[in-house]
Structure formats: structure tokens, C-alpha cells
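S.K.: There's a structure below that I have some questions on.
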Amino acid sequence: MAPLLHRDRELTVFGEAIDELRSGRPTVASILGENGMGKSSLLGAITEMLPQRSRVLRARCHPSESHFAYGMVRQLFDPVLASGERTRKQFDRASGGDGAATHDLLLNLFHLTRDLVADHPVVIAIDDLSFADTPSLRWFSYIARRLDDLPVMMVATLPGSTPAGLGADLGKLPYARFVQLRPFCATCTADFVAEALGAPPDVELAALCHTLSQGNPLVLRELTSRMRQARVSPGEPDADQVLEIGTAALSDTVLEWLHDHDPVASELLTQLAVMGPDTDITVAAILLSQGEPQIRQARRALVQAGLVTEGPPVRFRDPLIRAAVLSRIDNQTRLGLHERGAALLDRLGAPAGQTAEHLMLTDSDWGVPVLRRAATEAVAAREYDDATRYLRRALACSDDPATIHELTLQLGMVELRHDLDACVRHAEALATTAPDPARRARSLLNLASPALAASTVGVRPFVTAAHELAAVADPPREPLLRLTAQGVLSGYRTGLRRSLRMAVSGVQDAAAKEFSGALAAMVAAGGRYPDTARRLAMRATRERSRRDRPVGTGLVGAALAFGWTGRPEEALDVCARILQDARTWDQPDLHALGLLLRSDVGHRRGESADSLRDALEAREGAELIGARVLATAARACGARALIRLDRVEDAAALMRETTTPADAHPLVKSMVLEVQGLIAAAADDHVTALSLFLDCGHRLSARGITNPACLPWRAHAAQAYTALGEHSAARTIAAEPPGIREHAPDAQPSHARIVLTPAEQRVVELVRQGMSSMEVAERLCLSKRTIDTHLGRIYRKLGIRGRHQLSTALGL
């Protein structure tokens, strides 16, 4: 017989009892333990330890035989009965309720036991005494009290951790002993696994086996057996495979036994597994239609079996136990249990989130209001993943157009804090589900975030809605101004004229300030009217009512305008307001954008370390909410700061991880190109750097961003030309773009003898170098049509007809 592990103390106790037996003294011992703890194995080990001349009477009780009178006693004494027929008749008469016959039978059995010990010590070993029939239990009690000075040892196994019923009653005897079996410790579990698998197990495997079995020898034996069959390597195990095997082993041992021997406890365990952690035991009792005494007894049985905690609340001792219980339930039954549980929780007024978790696992369509309430609760707790799950499920089981529109709006507002790409999809859906332009516009206002303006796709639903609203005879003022501001911030002019008239003629409310801020950014990007841009930015940053929830578009536009018109201090103040609003109103999109703006201002001020810190924090925040474009811009700002800090390799590594989204705003794409050009220039690859800088300029010019303060691509391109030895091209590209100097407030009046404007002079210089109109356009980052227009104006001024006359006309 294999040695018992972790049972030295118990074997010592029975070793002492066997010494008592040799000395002619009795023992009545009870082995206590839950199912699978090895009570039967210990009982067998005890019989192996007995003196050779001992007579052993064995019996194993079973629930199916508990109604057979004296069934256990018959098992014990049938092998030693001298007159079987006579004794069977005594059993039959005693079973019929004859008190005298019962007393005679008990007395005869006692005398028989006393006769047996005359020659040899007697050991009466009974497995699962709690399942014995009532007459046999009466015999056990009768004979156990009359063993004084007889060499008899009675050993019985009983469930539980404390003596109960007959065991507790006999515990008063002076020769009574109780042995409580405890689960295996982690060390013994590892030893058991090593012996079963034939090699020392990996540390993680041993720990996993201990967790799966909870130290239960029966489960551990089944687990290791299945691991051997599956050829699990003790040294390099597959954790997922072991988990799957362990769940099946637990299901086929402890849970199967519970199902057969205690149906109420098994049903309670199933209900607890379905309802989930922290379920009120009362709720489970109602679902089971059981009384309080039955539930209390079933709960005690589960605690004793080591499956759940004492509580309250009642919890599974390990999540794997719950997984094993759920694996035994077929899908249809589980769906029914979840639906019943959800309906009961809703009637009892349970938290909507608790009810919603069960609705998510059913096919029911009655729970849309519950799911919406649960989503609201989840948003309040900042559990956005749960909120989106609830609302998506509600959308899936709704067919009413009005409800679908409301759910889409609610889901979009959640995704604004959670996943900006998903928010864009919901914004596009809102643009099609609302019945009229005004309602579409009001719905989209809830999703109008300046973070979406960084994406050409993200801003599209707002631009479309503004276009539709501007075409209405009498459009509502606030929606038109705010939707137009959303588009203007991204460079679109849809609805601009009508919004301008409204903003000028109306009061300067929050909507007008949003529009002014976005317009300030657009004007500043053009570079022609810096004073106008500053005035608009100052109008947008005037104090607002505390009751107004900030949208952020106006402040973001103002921060950009101040930064692009040489007012970094004002820009920093606006960034601080943006970040404060974002924290106050829990707007992670606005917070990431505010950090990004502050990083850009820090770069302009030469504070590279601060700029880098803000950029990295902005990237982290943007990635958390799925703002891919903002994350890309933050990486570019961070790399730019690293270059300033002479950490070009780090900047290159950061940009290697960057993939520019196709829908990114041209300004963001240009930022990436600028940084890539700076990295190439640092590596002395000036040809590549020049190409990147010129591409940057093309993209900005196409969107009307001609202010060199936005991105100094011309200065970078001039440095690249100089490094390549093209000094004339460097002087040409470094000159201010057309229209900037002429309209600047501090510009000096041109000398009368200057016939051509600076822009026209640059065109002439390049044409004289032999460049075609297309080549000049590419060099100056303008369109070919613009170059042809310049040339036509130059020819008219000089009175010539073609480029071949340029040198003569200019006196060169």
C-alpha cells in the first residue's frame, strides 16, 4: 500500500490506539473529514497496522441501503455467524419493531463480540457511518458503551469537521478518540504530484495543482491521473491545459459526489455559480424555492466541503470551483437560470449593473431600460468598458427608431471618454437616424469634441450637419455656431458666413465664444491677420458662466491662435484652463489635447524637458481612449523635444513606433514629416530631409496653413538646401510666404522702384534658373495654377510676352 502523505499525526494517534488494543483496552475512534479527504484510505492504512492475530469486521455504508434494517450489522457479522439462519430470524423479528426481539439481538451480538475477543483482538471498521440505517446506528451506540476492559477497537468515518449526532454522543466515553483530516499542504501536494508524475514538478505546476485541488487528496489523485494520461510534462507544463484538466477533475469528483448525495446543496452551489460572486444567499433561496432551514443546511454542507466561504457574503473559495460548476450546466439551462435571476433582481430593486450582467447572458429583450440605467451607473463609476457593453446589448435588442437614436447618442457619449474611433462611428450613425437636421445637430452637439477635429473622418459628421443646418431658413443659433466651430477648427468653412452673421449680431454667449476660438485658429493659421486672430482668441477666453459645461473647442482654438501669433504666455494660461476643465468634467479627450498643446508651447519657449514630459503624458492618455491621431501628434512632439535635448537616437526609436493614421489632419501629418526630416538631417541625409520638409509644406499649403509659426518647414528646408550647397534655393525658400510681410502690422512700405513683389521675385529667380512652371510650383509648395498666375502678372508689369524676355526686361 502506498504511504499516506501528510497523515503522520493521524497515524500516530491510531498507533497509540493499537497499543491500547494490544494491552486489552478498547477504543472508539471517529475519522472526520470532508469528501475526498482520504478517510477511507486512512481506515485502510489502520487495518494494515493491526497485530497479525487481530480479527477485522468491515462494513461500508451507502445511502441506497439506509432503509434496510441492520444492513450495516449484517455486513459486519455475516462472515463470523455460527448459525446464520437463526440470527437472520432474529434480525427479521427485531426489524419488525418487537422491542424484546431488538434487545435480544443486541445482547446476542454483544455476546458474540465478547466471544470473538476471547481468542483475538477485534477491530470493527465502518466506512461512511453517517449513511447507516437507524437500527445499525442503535447497535453501534449500544455496543460502544459496553466495551470496558475488552480488546475492541471501533473505527468509523464521518463527514464534517466536528462530531455530530452519534459521534458527539459517544465523544463522552473515556476511550473515545477523534481524528480530523485536514487538506494537504502545498509541500505535500508537490510531493504527491512528483510521485504521481515520476519527476519533481515545476514550481508553478505544483502551485497550480494545489490551487485546483485545494489540498483535497481525491481531486489531486484524479488530477494527476488525467495529467499522466494527457502526457503533461512536469518540468514545462502548459498552464491552460492543466487548468482544463483540473476543472474536469473537480467536476467529476467533489461536484459529482455532491450531486448524488446532497441535491439541495448541489442546486444551491449551481445557483450561486450562475448568480455570481457576492450573491445574497436569500436570492438564491428564493430562486430554489427552498425554505430557510434547507438552505442553511445546504450552505453548511458547502462550507464543510471546502467549496464556499463561511461568509457573509458567501463566495467560492477559488474561481476555478465556480468554473467547474458552470461547466456542468448546459447552455439552455444556464440561459434560463440567468433570465430568472435577472427578473428576480429587477423585482427586488437590486443595482442595475448586477441585473444587467445576467441580462447580458440571456436572449431576453425586456431589459433595455435596465441596461441603460446600468450604463449610467457604470459611467458614474468610470467603468466605461461595462457601460459600452450594456449599451451595445441594448442596441442589439431594440427595433424602435427613437430608442435606437437615444441609445446611439448615449453610447457615443460614453465612447467619447473611452474609444474615439467608436465615437466617430456613432456620430456618423446619429447623422442618419435623426429625422430632421435640427435634431441631428442637437444630438451631435453632445459629441462635439475638439479631439475629433484632429481627424478628417472624425470631423466629417459635424461638417455635414453644419452644412444641412446652414441651409435651413431659420436655423437654431447654438447648434449652428458650435457645429461650424467644430469644422472651422479643422479648416473647413462650411456654414462660416451664416455663423459669422449670427455671432456678430447676437450676444456673446458660450456658443459664440466656441465659434470665436475656432475662427481665431483658422485666421492665425493663415498668417495674414495676427491682430485679428488675437482679438478673436481673447473673446473666446472671456470668463463664462460656471453652469456652462465646457466643450473645449473655443479654448483649444484660442490656445493655437495665441501660440501661432507669438503669445506663448497667453497660450499657457489657456492650456491651464483646458486641463482644469478636463479634470473637473472628466473629459480624458480634452485632457490629452490640453497636454499636447502645452507641450507645443513649451517647445516654442525652449523648455524641452517640460515639453517632452507633457508629450509623453499626452500620448499615454490618448492611447487609453483610442485617440490614434492625438497619440501620433504626441509622439511627434515628444520626438521633437528629444531632438532638442540631443537625444536623436531616442527620437528615431520613438518615431519608428509611429504609424500616421490615414485620416489624420494635414497639420498632424506635417508634424510627423517635420520630425522625420529633422532626424534625417541629424543623420546627414539632407536629400531625404529636404524631400520631407517640402512634402510638409505642400500639405500645409493645401489646407491654407501658411503661417511659418505653425511649423517652420521653410527654415528647415533652407538649412537642407544650404547643406546641399544650393544657397540660392535656400534664400528663396527661407523668404516669408506670399502675403505675410505685406499684411503684417509692422511691415515697412515697399520702395517705389521695386516693381515686383517678393513672391513674384522668387518666381522670377527660379524661372531664370531654367525651371518649368511645375518645378517652380513644387519648389515653392504652390500649385501650378498659382505660378502661372504669378507669371501672367509679372509679364503684364514688365510689358513682355514670355519668360525668354525676363532677363532683358530686368536689365540682367
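Note on naming: chains are A, B, ... as they come in the C-alpha cells, residues start from 1 per chain, ligands start from 1 in the order shown.
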As a ChimeraX atom specification, please: all residues of range 508-749 of chain A that backbone DSSP puts in helix (DSSP H, G or I).
M.R.: /A:510-526,530-540,553-564,568-584,588-604,608-624,628-644,648-656,666-682,686-702,713-723,727-734,740-743
S.K.: Run DSSP on the backbone and grab whatever in range 39-201 of chain A lands in strand (DSSP E); send it over as a PyMOL selection string.
M.R.: chain A and resi 55-60+122-127+152-158+176-180
S.K.: Convert the current residue selection to file output with C-alpha atoms, as an mmCIF file, in the first residue's frame.
M.R.:
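Done, and the output landed in result38.cif:
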```
data_model
loop_
_atom_site.group_PDB
_atom_site.id
_atom_site.type_symbol
_atom_site.label_atom_id
_atom_site.label_comp_id
_atom_site.auth_asym_id
_atom_site.auth_seq_id
_atom_site.Cartn_x
_atom_site.Cartn_y
_atom_site.Cartn_z
ATOM 1 C CA ARG A 55 -9.945 -10.136 13.660
ATOM 2 C CA VAL A 56 -11.280 -7.348 11.462
ATOM 3 C CA LEU A 57 -15.008 -6.865 10.824
ATOM 4 C CA ARG A 58 -15.624 -4.466 7.938
ATOM 5 C CA ALA A 59 -18.675 -2.618 6.611
ATOM 6 C CA ARG A 60 -19.231 0.148 4.091
ATOM 7 C CA VAL A 122 -11.373 -7.376 17.383
ATOM 8 C CA VAL A 123 -11.430 -4.326 15.132
ATOM 9 C CA ILE A 124 -14.749 -3.065 13.782
ATOM 10 C CA ALA A 125 -14.058 -0.784 10.785
ATOM 11 C CA ILE A 126 -17.033 1.100 9.299
ATOM 12 C CA ASP A 127 -16.769 3.434 6.337
ATOM 13 C CA VAL A 152 -12.061 -3.984 20.811
ATOM 14 C CA MET A 153 -11.356 -1.031 18.568
ATOM 15 C CA MET A 154 -14.279 0.515 16.722
ATOM 16 C CA VAL A 155 -13.274 2.916 13.932
ATOM 17 C CA ALA A 156 -15.805 4.800 11.798
ATOM 18 C CA THR A 157 -15.518 7.530 9.201
ATOM 19 C CA LEU A 158 -17.864 10.508 9.446
ATOM 20 C CA ALA A 176 -13.271 7.868 22.543
ATOM 21 C CA ARG A 177 -10.877 9.480 20.044
ATOM 22 C CA PHE A 178 -11.494 11.923 17.218
ATOM 23 C CA VAL A 179 -9.164 12.466 14.290
ATOM 24 C CA GLN A 180 -9.797 15.417 11.967
#
```
S.K.: Quick one: pull the distance between CA of Trp564 in chain A and CA of Glu674 in chain A, Å, one decimal.
M.R.: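 Computing the Euclidean distance for CA of Trp564 in chain A and CA of Glu674 in chain A yields 16.8 Å.
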S.K.: Set the distance at 10 Å and use only C-alpha atoms: which residues neighbour range 304-312 of chain A once local chain neighbours fewer than 3 positions away are removed? I'd like the list as a PyMOL selection string.
M.R.: chain A and resi 33-37+159-162+183+214-216+254-255+258+269+272+278-281+298-301+315-318+321-322
S.K.: What's the 10 Å shell around Arg393 in chain A, counting only C-alpha atoms, without same-chain residues fewer than 5 positions away, as a list in words?
M.R.: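 So, after excluding close chain neighbours, the residues are Ala356, Leu359, Met360, Leu361, Asp365, Gly367, Val368, Leu371, Arg372, Thr388 and Ser398 of chain A.
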S.K.: Hey, can you spit out that residue selection with all heavy atoms as a compact mmCIF listing (two decimals), in the first residue's frame?
M.R.:
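Below is the file again.txt, written as the result:
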```txt
# COMPACT_ATOMS: atom_id res chain seq x y z
N ALA A 356 -28.06 43.75 -14.95
CA ALA A 356 -27.62 43.80 -16.34
C ALA A 356 -26.65 42.68 -16.69
O ALA A 356 -26.66 42.16 -17.80
CB ALA A 356 -26.97 45.16 -16.63
N LEU A 359 -28.71 39.86 -17.68
CA LEU A 359 -29.38 40.11 -18.95
C LEU A 359 -28.43 39.94 -20.12
O LEU A 359 -28.83 39.50 -21.21
CB LEU A 359 -29.96 41.52 -18.96
CG LEU A 359 -31.22 41.75 -18.12
CD1 LEU A 359 -31.55 43.23 -18.08
CD2 LEU A 359 -32.38 40.96 -18.69
N MET A 360 -27.16 40.28 -19.91
CA MET A 360 -26.18 40.15 -20.99
C MET A 360 -26.00 38.70 -21.43
O MET A 360 -25.52 38.43 -22.52
CB MET A 360 -24.83 40.70 -20.51
CG MET A 360 -24.82 42.19 -20.19
SD MET A 360 -24.92 43.22 -21.65
CE MET A 360 -23.32 42.93 -22.36
N LEU A 361 -26.39 37.77 -20.57
CA LEU A 361 -26.18 36.34 -20.85
C LEU A 361 -27.46 35.64 -21.26
O LEU A 361 -27.53 34.42 -21.26
CB LEU A 361 -25.59 35.67 -19.61
CG LEU A 361 -24.24 36.24 -19.14
CD1 LEU A 361 -23.85 35.65 -17.80
CD2 LEU A 361 -23.16 35.96 -20.17
N ASP A 365 -35.34 40.47 -24.38
CA ASP A 365 -35.33 41.83 -24.91
C ASP A 365 -36.14 42.78 -24.05
O ASP A 365 -36.46 43.89 -24.47
CB ASP A 365 -35.87 41.85 -26.35
CG ASP A 365 -37.27 41.25 -26.45
OD1 ASP A 365 -37.82 40.85 -25.40
OD2 ASP A 365 -37.82 41.19 -27.57
N GLY A 367 -35.12 44.01 -21.13
CA GLY A 367 -34.28 44.71 -20.17
C GLY A 367 -33.59 45.96 -20.68
O GLY A 367 -32.61 46.39 -20.08
N VAL A 368 -34.06 46.58 -21.78
CA VAL A 368 -33.39 47.77 -22.30
C VAL A 368 -33.32 48.90 -21.25
O VAL A 368 -32.27 49.50 -21.05
CB VAL A 368 -34.06 48.26 -23.59
CG1 VAL A 368 -33.50 49.62 -24.02
CG2 VAL A 368 -33.86 47.25 -24.71
N LEU A 371 -30.62 48.02 -18.78
CA LEU A 371 -29.29 48.16 -19.35
C LEU A 371 -28.87 49.62 -19.44
O LEU A 371 -27.71 49.96 -19.21
CB LEU A 371 -29.26 47.51 -20.74
CG LEU A 371 -29.39 45.97 -20.77
CD1 LEU A 371 -29.64 45.49 -22.18
CD2 LEU A 371 -28.15 45.31 -20.19
N ARG A 372 -29.80 50.49 -19.75
CA ARG A 372 -29.48 51.91 -19.83
C ARG A 372 -29.15 52.47 -18.45
O ARG A 372 -28.22 53.27 -18.30
CB ARG A 372 -30.64 52.68 -20.46
CG ARG A 372 -30.89 52.31 -21.92
CD ARG A 372 -31.91 53.21 -22.56
NE ARG A 372 -31.41 54.58 -22.69
CZ ARG A 372 -32.09 55.56 -23.29
NH1 ARG A 372 -33.31 55.31 -23.78
NH2 ARG A 372 -31.58 56.76 -23.38
N THR A 388 -20.23 50.48 -22.13
CA THR A 388 -20.36 50.21 -23.57
C THR A 388 -20.95 48.82 -23.82
O THR A 388 -21.74 48.64 -24.75
CB THR A 388 -18.99 50.33 -24.25
OG1 THR A 388 -18.04 49.48 -23.59
CG2 THR A 388 -18.48 51.75 -24.20
N SER A 398 -33.05 46.26 -29.70
CA SER A 398 -34.02 47.34 -29.88
C SER A 398 -34.35 47.47 -31.36
O SER A 398 -33.47 47.34 -32.21
CB SER A 398 -33.46 48.67 -29.36
OG SER A 398 -33.17 48.61 -28.00
```
S.K.: Which residues, written as a ChimeraX atom specification, have at least one atom at most 10 Å from Leu409 in chain A, with only C-alpha atoms counted and residues fewer than 5 positions away on the same chain left out?
M.R.: /A:403-404,414-415,423,426-427,429-430,443-444,446-447
S.K.: Go ahead and save the picked residues with all heavy atoms, as a compact mmCIF listing (two decimals), in the first residue's frame.
M.R.:
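So again_24.txt came out as:
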```
# COMPACT_ATOMS: atom_id res chain seq x y z
N THR A 403 -35.76 54.86 -29.96
CA THR A 403 -34.91 54.24 -28.93
C THR A 403 -33.50 54.00 -29.46
O THR A 403 -32.51 54.22 -28.76
CB THR A 403 -35.52 52.93 -28.46
OG1 THR A 403 -36.84 53.16 -27.97
CG2 THR A 403 -34.69 52.30 -27.36
N ILE A 404 -33.41 53.57 -30.72
CA ILE A 404 -32.10 53.34 -31.33
C ILE A 404 -31.31 54.64 -31.38
O ILE A 404 -30.10 54.67 -31.08
CB ILE A 404 -32.26 52.73 -32.73
CG1 ILE A 404 -32.81 51.30 -32.63
CG2 ILE A 404 -30.94 52.76 -33.49
CD1 ILE A 404 -33.13 50.67 -33.96
N VAL A 414 -20.49 57.85 -24.16
CA VAL A 414 -19.59 57.00 -23.37
C VAL A 414 -18.29 56.78 -24.12
O VAL A 414 -17.19 56.89 -23.56
CB VAL A 414 -20.26 55.65 -23.06
CG1 VAL A 414 -19.28 54.72 -22.35
CG2 VAL A 414 -21.50 55.86 -22.19
N GLU A 415 -18.38 56.49 -25.42
CA GLU A 415 -17.18 56.22 -26.21
C GLU A 415 -16.30 57.45 -26.35
O GLU A 415 -15.10 57.33 -26.62
CB GLU A 415 -17.57 55.70 -27.60
CG GLU A 415 -18.31 54.37 -27.60
CD GLU A 415 -17.41 53.20 -27.30
OE1 GLU A 415 -16.36 53.39 -26.66
OE2 GLU A 415 -17.77 52.08 -27.70
N CYS A 423 -16.54 56.41 -31.16
CA CYS A 423 -17.38 57.60 -31.05
C CYS A 423 -17.67 58.18 -32.43
O CYS A 423 -18.79 58.63 -32.70
CB CYS A 423 -16.69 58.63 -30.16
SG CYS A 423 -17.60 60.17 -29.97
N HIS A 426 -20.41 56.27 -34.07
CA HIS A 426 -21.73 56.59 -33.53
C HIS A 426 -22.19 57.97 -33.99
O HIS A 426 -23.38 58.19 -34.21
CB HIS A 426 -21.69 56.52 -32.00
CG HIS A 426 -21.32 55.16 -31.48
ND1 HIS A 426 -21.91 54.01 -31.95
CD2 HIS A 426 -20.42 54.76 -30.55
CE1 HIS A 426 -21.39 52.97 -31.33
NE2 HIS A 426 -20.49 53.40 -30.49
N ALA A 427 -21.24 58.90 -34.15
CA ALA A 427 -21.59 60.21 -34.68
C ALA A 427 -22.13 60.09 -36.11
O ALA A 427 -23.12 60.74 -36.48
CB ALA A 427 -20.38 61.14 -34.63
N ALA A 429 -23.59 57.49 -37.31
CA ALA A 429 -24.92 56.87 -37.21
C ALA A 429 -25.97 57.89 -36.80
O ALA A 429 -27.10 57.87 -37.31
CB ALA A 429 -24.87 55.72 -36.20
N LEU A 430 -25.63 58.80 -35.90
CA LEU A 430 -26.59 59.82 -35.48
C LEU A 430 -26.98 60.71 -36.65
O LEU A 430 -28.12 61.21 -36.72
CB LEU A 430 -25.99 60.68 -34.37
CG LEU A 430 -25.89 60.05 -32.98
CD1 LEU A 430 -25.13 60.97 -32.05
CD2 LEU A 430 -27.28 59.76 -32.43
N SER A 443 -28.23 66.46 -31.42
CA SER A 443 -27.64 65.20 -30.95
C SER A 443 -26.13 65.21 -31.08
O SER A 443 -25.40 64.81 -30.17
CB SER A 443 -28.23 64.02 -31.74
OG SER A 443 -29.62 63.91 -31.53
N LEU A 444 -25.64 65.71 -32.22
CA LEU A 444 -24.20 65.71 -32.45
C LEU A 444 -23.47 66.68 -31.53
O LEU A 444 -22.28 66.50 -31.27
CB LEU A 444 -23.91 66.06 -33.91
CG LEU A 444 -24.15 64.93 -34.92
CD1 LEU A 444 -24.08 65.46 -36.34
CD2 LEU A 444 -23.15 63.81 -34.72
N ASN A 446 -23.61 66.82 -28.47
CA ASN A 446 -23.15 66.07 -27.30
C ASN A 446 -21.83 65.36 -27.55
O ASN A 446 -21.17 64.95 -26.60
CB ASN A 446 -24.21 65.04 -26.89
CG ASN A 446 -25.50 65.67 -26.43
OD1 ASN A 446 -25.62 66.13 -25.30
ND2 ASN A 446 -26.50 65.71 -27.31
N LEU A 447 -21.47 65.21 -28.83
CA LEU A 447 -20.23 64.52 -29.17
C LEU A 447 -19.18 65.46 -29.74
O LEU A 447 -18.11 65.01 -30.16
CB LEU A 447 -20.51 63.41 -30.20
CG LEU A 447 -21.62 62.41 -29.84
CD1 LEU A 447 -21.73 61.35 -30.93
CD2 LEU A 447 -21.35 61.76 -28.50
```
S.K.: Go ahead and compute the interatomic distance for CA of His210 in chain A and CA of Leu32 in chain A, in Å to one decimal.
M.R.: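 Calculated distance between CA of His210 in chain A and CA of Leu32 in chain A is 21.4 Å.
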S.K.: Please provide as a list in words all residues within 10 Å of range 788-802 of chain A, with the sequence filter that same-chain residues fewer than 3 positions apart are discarded (counting only C-alpha atoms).
M.R.: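 Here the answer would be Val755, Leu756, Thr757, Ala759, Glu760, Gln761, Val763, Val764, Val767, Ser773, Met774, Val776, Ala777, Ser783, Lys784, Arg785, Gln805, Leu806, Thr808, Ala809 and Leu810 of chain A.
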S.K.: Now that the selection is made, can you save its residues with all heavy atoms as a short mmCIF file (atom, residue, chain, number, x, y, z; two decimals), in the first residue's frame?
M.R.:
```cif
data_model
loop_
_atom_site.label_atom_id
_atom_site.label_comp_id
_atom_site.auth_asym_id
_atom_site.auth_seq_id
_atom_site.Cartn_x
_atom_site.Cartn_y
_atom_site.Cartn_z
N VAL A 755 9.36 96.99 -58.46
CA VAL A 755 8.20 96.73 -59.31
C VAL A 755 7.52 95.44 -58.91
O VAL A 755 6.29 95.35 -58.86
CB VAL A 755 8.62 96.69 -60.80
CG1 VAL A 755 7.42 96.36 -61.69
CG2 VAL A 755 9.25 98.01 -61.21
N LEU A 756 8.32 94.43 -58.62
CA LEU A 756 7.77 93.11 -58.33
C LEU A 756 7.69 92.89 -56.81
O LEU A 756 8.54 93.36 -56.06
CB LEU A 756 8.64 92.03 -58.95
CG LEU A 756 8.83 92.08 -60.47
CD1 LEU A 756 9.70 90.94 -60.93
CD2 LEU A 756 7.48 92.05 -61.18
N THR A 757 6.68 92.16 -56.42
CA THR A 757 6.55 91.78 -55.01
C THR A 757 7.57 90.69 -54.69
O THR A 757 8.13 90.05 -55.60
CB THR A 757 5.13 91.24 -54.72
OG1 THR A 757 4.97 90.01 -55.43
CG2 THR A 757 4.06 92.23 -55.14
N ALA A 759 7.10 87.77 -53.63
CA ALA A 759 6.64 86.49 -54.18
C ALA A 759 6.97 86.40 -55.66
O ALA A 759 7.43 85.36 -56.17
CB ALA A 759 5.14 86.36 -53.95
N GLU A 760 6.72 87.50 -56.38
CA GLU A 760 7.00 87.50 -57.80
C GLU A 760 8.50 87.41 -58.06
O GLU A 760 8.95 86.76 -59.02
CB GLU A 760 6.42 88.76 -58.43
CG GLU A 760 4.88 88.77 -58.40
CD GLU A 760 4.30 90.14 -58.73
OE1 GLU A 760 5.07 91.13 -58.74
OE2 GLU A 760 3.09 90.20 -58.95
N GLN A 761 9.29 88.04 -57.21
CA GLN A 761 10.74 87.97 -57.36
C GLN A 761 11.24 86.54 -57.21
O GLN A 761 12.14 86.10 -57.95
CB GLN A 761 11.42 88.87 -56.33
CG GLN A 761 11.20 90.36 -56.56
CD GLN A 761 11.84 91.19 -55.47
OE1 GLN A 761 12.76 90.74 -54.80
NE2 GLN A 761 11.36 92.42 -55.31
N VAL A 763 9.58 83.80 -57.90
CA VAL A 763 9.20 83.06 -59.10
C VAL A 763 10.15 83.38 -60.25
O VAL A 763 10.61 82.50 -60.98
CB VAL A 763 7.73 83.41 -59.48
CG1 VAL A 763 7.37 82.80 -60.83
CG2 VAL A 763 6.78 82.91 -58.41
N VAL A 764 10.46 84.67 -60.39
CA VAL A 764 11.36 85.08 -61.48
C VAL A 764 12.73 84.42 -61.33
O VAL A 764 13.31 83.91 -62.31
CB VAL A 764 11.51 86.62 -61.49
CG1 VAL A 764 12.66 87.05 -62.41
CG2 VAL A 764 10.22 87.26 -61.96
N VAL A 767 12.52 80.78 -62.36
CA VAL A 767 12.30 80.63 -63.81
C VAL A 767 13.59 80.90 -64.56
O VAL A 767 13.94 80.22 -65.54
CB VAL A 767 11.17 81.58 -64.28
CG1 VAL A 767 11.12 81.65 -65.80
CG2 VAL A 767 9.83 81.10 -63.72
N SER A 773 7.21 75.68 -64.98
CA SER A 773 6.20 76.15 -64.03
C SER A 773 5.90 75.07 -62.98
O SER A 773 5.71 75.37 -61.79
CB SER A 773 4.91 76.53 -64.76
OG SER A 773 5.13 77.64 -65.60
N MET A 774 5.87 73.81 -63.40
CA MET A 774 5.59 72.72 -62.46
C MET A 774 6.73 72.59 -61.45
O MET A 774 6.50 72.40 -60.24
CB MET A 774 5.41 71.40 -63.21
CG MET A 774 5.11 70.21 -62.30
SD MET A 774 3.57 70.44 -61.36
CE MET A 774 2.38 70.23 -62.70
N VAL A 776 8.77 74.98 -60.49
CA VAL A 776 8.71 76.13 -59.59
C VAL A 776 7.62 75.91 -58.54
O VAL A 776 7.81 76.21 -57.35
CB VAL A 776 8.45 77.43 -60.38
CG1 VAL A 776 8.23 78.60 -59.43
CG2 VAL A 776 9.62 77.72 -61.32
N ALA A 777 6.49 75.38 -58.99
CA ALA A 777 5.38 75.13 -58.06
C ALA A 777 5.80 74.13 -56.98
O ALA A 777 5.48 74.32 -55.79
CB ALA A 777 4.17 74.61 -58.83
N SER A 783 0.57 75.65 -56.14
CA SER A 783 0.01 74.93 -57.28
C SER A 783 0.56 75.52 -58.58
O SER A 783 1.00 76.69 -58.62
CB SER A 783 -1.52 75.05 -57.27
OG SER A 783 -1.92 76.38 -57.49
N LYS A 784 0.49 74.74 -59.65
CA LYS A 784 0.97 75.23 -60.96
C LYS A 784 0.11 76.39 -61.43
O LYS A 784 0.60 77.34 -62.05
CB LYS A 784 0.92 74.09 -61.97
CG LYS A 784 1.40 74.49 -63.37
CD LYS A 784 1.39 73.31 -64.29
CE LYS A 784 1.86 73.72 -65.70
NZ LYS A 784 0.95 74.72 -66.31
N ARG A 785 -1.17 76.34 -61.09
CA ARG A 785 -2.06 77.42 -61.49
C ARG A 785 -1.64 78.74 -60.83
O ARG A 785 -1.67 79.80 -61.47
CB ARG A 785 -3.49 77.06 -61.10
CG ARG A 785 -4.51 78.09 -61.49
CD ARG A 785 -5.90 77.61 -61.15
NE ARG A 785 -6.91 78.61 -61.49
CZ ARG A 785 -8.22 78.44 -61.30
NH1 ARG A 785 -8.65 77.31 -60.77
NH2 ARG A 785 -9.07 79.40 -61.64
N GLN A 805 12.06 86.76 -72.31
CA GLN A 805 12.35 88.18 -72.28
C GLN A 805 12.62 88.68 -70.86
O GLN A 805 12.83 89.88 -70.66
CB GLN A 805 11.16 88.96 -72.86
CG GLN A 805 10.89 88.64 -74.32
CD GLN A 805 9.66 89.38 -74.82
OE1 GLN A 805 8.65 89.47 -74.12
NE2 GLN A 805 9.78 89.93 -76.03
N LEU A 806 12.60 87.77 -69.87
CA LEU A 806 12.72 88.19 -68.48
C LEU A 806 14.04 88.90 -68.19
O LEU A 806 14.09 89.98 -67.60
CB LEU A 806 12.57 86.99 -67.53
CG LEU A 806 11.15 86.63 -67.12
CD1 LEU A 806 11.15 85.35 -66.29
CD2 LEU A 806 10.53 87.78 -66.33
N THR A 808 16.15 90.42 -70.13
CA THR A 808 16.28 91.72 -70.78
C THR A 808 15.45 92.77 -70.07
O THR A 808 15.90 93.90 -69.82
CB THR A 808 15.86 91.61 -72.26
OG1 THR A 808 16.65 90.62 -72.89
CG2 THR A 808 16.02 92.95 -72.97
N ALA A 809 14.22 92.37 -69.71
CA ALA A 809 13.30 93.33 -69.07
C ALA A 809 13.81 93.77 -67.71
O ALA A 809 13.57 94.90 -67.29
CB ALA A 809 11.91 92.72 -68.94
N LEU A 810 14.53 92.89 -67.03
CA LEU A 810 15.02 93.20 -65.69
C LEU A 810 16.41 93.81 -65.73
O LEU A 810 17.00 94.13 -64.68
CB LEU A 810 15.05 91.93 -64.82
CG LEU A 810 13.66 91.35 -64.48
CD1 LEU A 810 13.81 90.01 -63.79
CD2 LEU A 810 12.90 92.32 -63.59
#
```
S.K.: Excluding Ile46 in chain A and residues on its chain fewer than 3 positions from it, collect all residues at most 12 Å away from it, counting only C-alpha atoms, and give them as an MDAnalysis selection string.
M.R.: chainID A and resid 1 3:4 7 10:18 29 31 39:43 49:51 54 56 123:126 153:156
S.K.: What does the structure give for the distance between CA of Met413 in chain A and CA of Ala576 in chain A, in Å to one decimal?
M.R.: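 We find that CA of Met413 in chain A and CA of Ala576 in chain A lie 24.2 Å from each other.
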S.K.: So, with only C-alpha atoms as the atoms that count, which of A:Asp169, A:Asp385, A:Glu236, A:Asp436 lies closest to Leu411 in chain A?
M.R.: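 Closest to Leu411 in chain A, using only C-alpha atoms: A:Asp385.
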